[in-house]
Amino acid sequence: MANLTGDIRDIIFDTLRSSLPNAVEISEQTHIVDDLGLDSVAVMDFVMEIEDRLDISVPLDKIAEVETLGDLIATVRSLKDSA
Amino acid sequence: MSLFDKFAPLAAQYSQLEHAGANPFNVSFDNVISPTEAMIKGRKTLLLGTNNYLGLTYDPAVIAKAVEATELYGTGTTGSRIANGNYTGHQRLERALADFYGRKHAMVFSTGYQANLGIISTLAGKNDHLLLDADSHASIYDGSRLGYAQVTRFRHNSPDDLANRLRRLAGEPGDKIIVVEGIYSMLGDTAPLREFAAVKREYGAYMIVDEAHSMGVLGETGRGLAEAAGVEADADFIVGTFSKSLAGVGGFCVSDMDGFDIMRVASRPYMFTASLPPGVIAATEEALHQMRIRPALRRQLTENAHQLYAGLAGLGFELGPEPSPVVSAVMPSPEAAFAFWAKLLEAGLYTNVSLPPATPKGMALLRSSVSAAHTPAQISHAIALFAQVGQELGLIQAASRPELASVK
Ligand SMILES: Cc1ncc(COP(=O)(O)O)c(C=O)c1O
């Protein structure tokens with residue numbers, strides 16, 4: 001697992017693209033609720049897909065702190081590092 | 001700028017419904033006639049959207065006990081049991097619940113919502129871990145936010161995903177507490193409780209089962225899914241409500257675990273709110289008694305549930321995975337759900353609309369629930385109205401339409 005940071009971003013972007021109904025421009029600055037219009041449950045469902053792919057669990061309080069995709073990448077990375 | 005600006009999108013949706021004159025989230029009953037009928041906008045309406053599973057809201061024995069206790073003990077307790085004193089009725093009801101479940105301990109809360117807040121937030125301490133089914137009721141999510149434990153969500157009804165998450169937590173200190181429901185209130189599906197119990201045992205976790213919608217509905221004696229699945233010994237805590245099968249208001253938790261009573265002075269949602277009025281307590285005790293001595297109610301409820309489920313499935317509606325007193329039809333959009341709901345109401349049938357995020361997977365649901373008090377004729381009538389409106393809205397094929405039955 002050499003370059004996991006890049007991998008994690010790819011995995012998150014990938015998962016997001018395949019779960020959104022329309023193609024949208026996404027970046028690390030994308031705001032998950034405001035820009036993507038996901039509700040609280042949709043965000044948790046989307047995170048669940050990422051959890052499966054990386055074999056981690058993201059606690060709900062950590063999900064609640066996440067605002068942008070960059071935040072999510074950082075959170076997932078730190079959980080993966082400590083796993 | 002106003003304090004309420006952040007609600008602008010919600011407010012826009014809400015006022016749109018108000019203007020259309022059909023807002024499922026703001027229905028008024030002019031009068032309620034029976035467990036199955038009410039007057040809405042001057043029109044006699046068949047109720048298919050209550051949680052009155054056993055139809056006990058107008059039971060004469062239940063009403064008589066409520067009246068008697070109100071006259072004897074007054075309308076309210078005016079305070080909490082730890083600060084302002086216990087009433088004998090509350091303690092008697094707790095003994096009756098413990099006896100019904102065959103457990104040592106029972107605690108009564110002022111609502112089912114508060115029972116979940118009180119139990120979940122207190123049982124799971126700072127270093128413990130809560131594992132919640134993804135489709136958990138709001139009260140379970142809120143209870144987990146009120147406490148200090150780490151909260152993990154597992155895929156709905158997936159023992160494998162639960163096992164995966166327990167495995168990831170295996171090295172971590174602290175107790176692991178799993179929370180599942182008997183019947184899920186949105187789609188009426190039941191938990192694979194036997195499989196969850198096996199996972200729970202394998203990882204040495206504890207399990208809370210919320211039987212809000214399954215008490216009085218499932219199990220040989222109506223204790224719920226844990227009884228039906230034969231895993232009561234693995235359900236360390238059963239949480240439930242008085243607001244559905246027991247036709248009142250309030251919540252409870254029963255357990256066999258020694259030391260449980262300390263919750264009375266540790267659980268804030270138990271301590272810092274007034275206890276239920278004596279009339280409600282007495283009515284609940286009687287409703288529990290009626291439920292126990294009249295298993296025929298449960299059989300009738302099951303028959304009614306099967307009739308509605310089979311009827312709507314036969315019309316081509318997409319429903320939850322199994323028949324239960326909660327029967328939800330999946331609508332293509334919230335707009336379709338609102339339109340369907342409004343047309344049914346116009347035709348004299350009251351149902352519920354359920355929308356995300358309260359529903360799983362972004363689904364818009366037209367939710368119905370049956371009661372033991374419904375007659376087969378009432379349910380046939382409801383099915384016929386679903387057929388009529390479903391065709392009008394182009395949601396089902398015309399060929400499957402049965403004749404409109406008349407309601408006696
Ligand atoms: C699963 C579940 N738990 C708890 C509750 C809360 O019950 P109550 O209405 O007594 O607050 C409900 C009902 O709304 C529920 O569906």
# chains A, B, ... in the order shown; residues from 1 in each chain; ligands from 1
call {"tool": "residues_around", "arguments": {"residues": "Ile262 of chain B", "least_positions_apart": "3", "cutoff": "12 Å", "atoms": "only C-alpha atoms", "output": "MDAnalysis selection string"}}
result
chainID B and resid 82 105:107 119 122:123 257:259 265:268 270:271
call {"tool": "interface_residues", "arguments": {"of": "chain A", "to": "chain B", "cutoff": "9 Å", "atoms": "only C-alpha atoms", "output": "JSON list (two decimals) with C-alpha atoms, in the first residue's frame"}}
result
[["chain", "number", "residue", "atom", "x", "y", "z"],
["A", 39, "ASP", "CA", -28.97, 14.44, 2.67],
["A", 40, "SER", "CA", -27.63, 13.05, 5.95],
["A", 41, "VAL", "CA", -28.53, 9.46, 5.13],
["A", 42, "ALA", "CA", -27.20, 9.67, 1.57],
["A", 44, "MET", "CA", -23.69, 7.96, 5.37],
["A", 45, "ASP", "CA", -24.64, 5.52, 2.58],
["A", 48, "MET", "CA", -20.44, 3.01, 3.61],
["A", 52, "ASP", "CA", -16.32, -1.53, 2.21],
["A", 55, "ASP", "CA", -12.10, -2.27, 5.02],
["A", 56, "ILE", "CA", -12.45, 0.48, 7.61],
["A", 57, "SER", "CA", -15.31, 1.85, 9.72],
["A", 58, "VAL", "CA", -15.77, 5.61, 9.89],
["A", 59, "PRO", "CA", -17.48, 6.54, 13.17],
["A", 60, "LEU", "CA", -20.57, 8.74, 12.77],
["A", 61, "ASP", "CA", -19.09, 11.67, 14.69],
["A", 83, "ALA", "CA", -5.92, 0.57, 11.11]]
call {"tool": "residues_near_ligand", "arguments": {"ligand": "ligand 1", "cutoff": "7 Å", "atoms": "only C-alpha atoms and all ligand atoms", "output": "count of residues only"}}
result
22
call {"tool": "atom_distance", "arguments": {"atom1": "atom CA of Leu315 of chain B", "atom2": "atom CA of Ala384 of chain B"}}
result
9.4 Å
call {"tool": "closest_residue", "arguments": {"among": "B:Asp234, B:Glu318, B:Glu286, B:Asp189", "to": "Val67 of chain B", "atoms": "only C-alpha atoms"}}
result
B:Glu286
call {"tool": "residues_around", "arguments": {"residues": "Thr221 of chain B", "least_positions_apart": "6", "cutoff": "12 Å", "atoms": "only C-alpha atoms", "output": "ChimeraX atom specification"}}
result
/B:100-102,214-215,227-228,288-299
call {"tool": "write_last_selection", "arguments": {"atoms": "N, CA and C atoms", "output": "compact mmCIF listing (two decimals), in the first residue's frame"}}
result
# COMPACT_ATOMS: atom_id res chain seq x y z
N PHE B 100 -44.38 -10.01 31.97
CA PHE B 100 -44.72 -10.35 30.58
C PHE B 100 -43.48 -10.85 29.82
N TYR B 101 -42.37 -10.16 30.00
CA TYR B 101 -41.15 -10.55 29.28
C TYR B 101 -40.34 -11.63 30.00
N GLY B 102 -40.77 -11.97 31.22
CA GLY B 102 -40.02 -12.97 31.98
C GLY B 102 -38.63 -12.49 32.34
N SER B 214 -43.09 -4.40 16.84
CA SER B 214 -43.28 -5.85 16.83
C SER B 214 -43.89 -6.39 18.12
N MET B 215 -43.92 -5.58 19.18
CA MET B 215 -44.59 -6.00 20.40
C MET B 215 -46.09 -6.11 20.11
N GLU B 227 -38.79 -13.11 20.56
CA GLU B 227 -39.54 -14.31 20.92
C GLU B 227 -39.78 -15.17 19.67
N ALA B 228 -40.22 -14.53 18.59
CA ALA B 228 -40.53 -15.27 17.37
C ALA B 228 -39.29 -15.99 16.84
N LEU B 288 -51.95 -3.94 28.25
CA LEU B 288 -51.01 -5.07 28.29
C LEU B 288 -51.77 -6.34 28.69
N HIS B 289 -52.64 -6.17 29.68
CA HIS B 289 -53.45 -7.31 30.12
C HIS B 289 -54.35 -7.81 28.99
N GLN B 290 -55.02 -6.88 28.32
CA GLN B 290 -55.90 -7.26 27.19
C GLN B 290 -55.10 -7.97 26.10
N MET B 291 -53.93 -7.44 25.83
CA MET B 291 -53.09 -8.05 24.80
C MET B 291 -52.75 -9.50 25.18
N ARG B 292 -52.50 -9.71 26.47
CA ARG B 292 -52.11 -11.05 26.90
C ARG B 292 -53.27 -12.03 26.88
N ILE B 293 -54.47 -11.56 27.25
CA ILE B 293 -55.59 -12.50 27.33
C ILE B 293 -56.34 -12.63 26.01
N ARG B 294 -56.02 -11.81 25.01
CA ARG B 294 -56.73 -11.89 23.74
C ARG B 294 -55.78 -12.10 22.55
N PRO B 295 -55.18 -13.30 22.50
CA PRO B 295 -54.27 -13.59 21.37
C PRO B 295 -54.99 -13.52 20.03
N ALA B 296 -56.33 -13.59 20.06
CA ALA B 296 -57.09 -13.51 18.80
C ALA B 296 -56.84 -12.17 18.10
N LEU B 297 -56.55 -11.14 18.86
CA LEU B 297 -56.27 -9.83 18.26
C LEU B 297 -55.04 -9.93 17.36
N ARG B 298 -54.03 -10.63 17.85
CA ARG B 298 -52.80 -10.76 17.08
C ARG B 298 -53.04 -11.58 15.81
N ARG B 299 -53.86 -12.62 15.95
CA ARG B 299 -54.15 -13.44 14.76
C ARG B 299 -54.90 -12.61 13.71
call {"tool": "residues_around", "arguments": {"residues": "segment 17-29 of chain A", "least_positions_apart": "4", "cutoff": "6 Å", "atoms": "only C-alpha atoms", "output": "ChimeraX atom specification"}}
result
/A:68-70
call {"tool": "write_last_selection", "arguments": {"atoms": "C-alpha atoms", "output": "compact mmCIF listing (two decimals), in the first residue's frame"}}
result
# COMPACT_ATOMS: atom_id res chain seq x y z
CA THR A 68 -15.75 18.80 1.77
CA LEU A 69 -14.41 15.84 -0.16
CA GLY A 70 -10.94 16.95 0.97
call {"tool": "residues_around", "arguments": {"residues": "Ala74 of chain A", "least_positions_apart": "6", "cutoff": "12 Å", "atoms": "only C-alpha atoms", "output": "list in words"}}
result
Leu4, Thr5, Gly6, Ile8, Arg9, Ile12, Glu28, Val58, Lys62, Ile63, Glu65, Val66, Glu67, Thr68, Lys80 and Asp81 of chain A
call {"tool": "atom_distance", "arguments": {"atom1": "atom CA of Gly147 of chain B", "atom2": "atom CA of Val43 of chain A"}}
result
21.8 Å
call {"tool": "closest_residue", "arguments": {"among": "B:Gly348, B:Gly188, B:Gly279, B:Gly224", "to": "Ile63 of chain B", "atoms": "only C-alpha atoms"}}
result
B:Gly279
call {"tool": "atom_distance", "arguments": {"atom1": "atom CA of Met39 of chain B", "atom2": "atom CA of Glu346 of chain B"}}
result
12.1 Å
call {"tool": "closest_residue", "arguments": {"among": "A:Arg53, A:Leu38, A:His31, A:Phe46", "to": "Asp71 of chain A", "atoms": "only C-alpha atoms"}}
result
A:His31
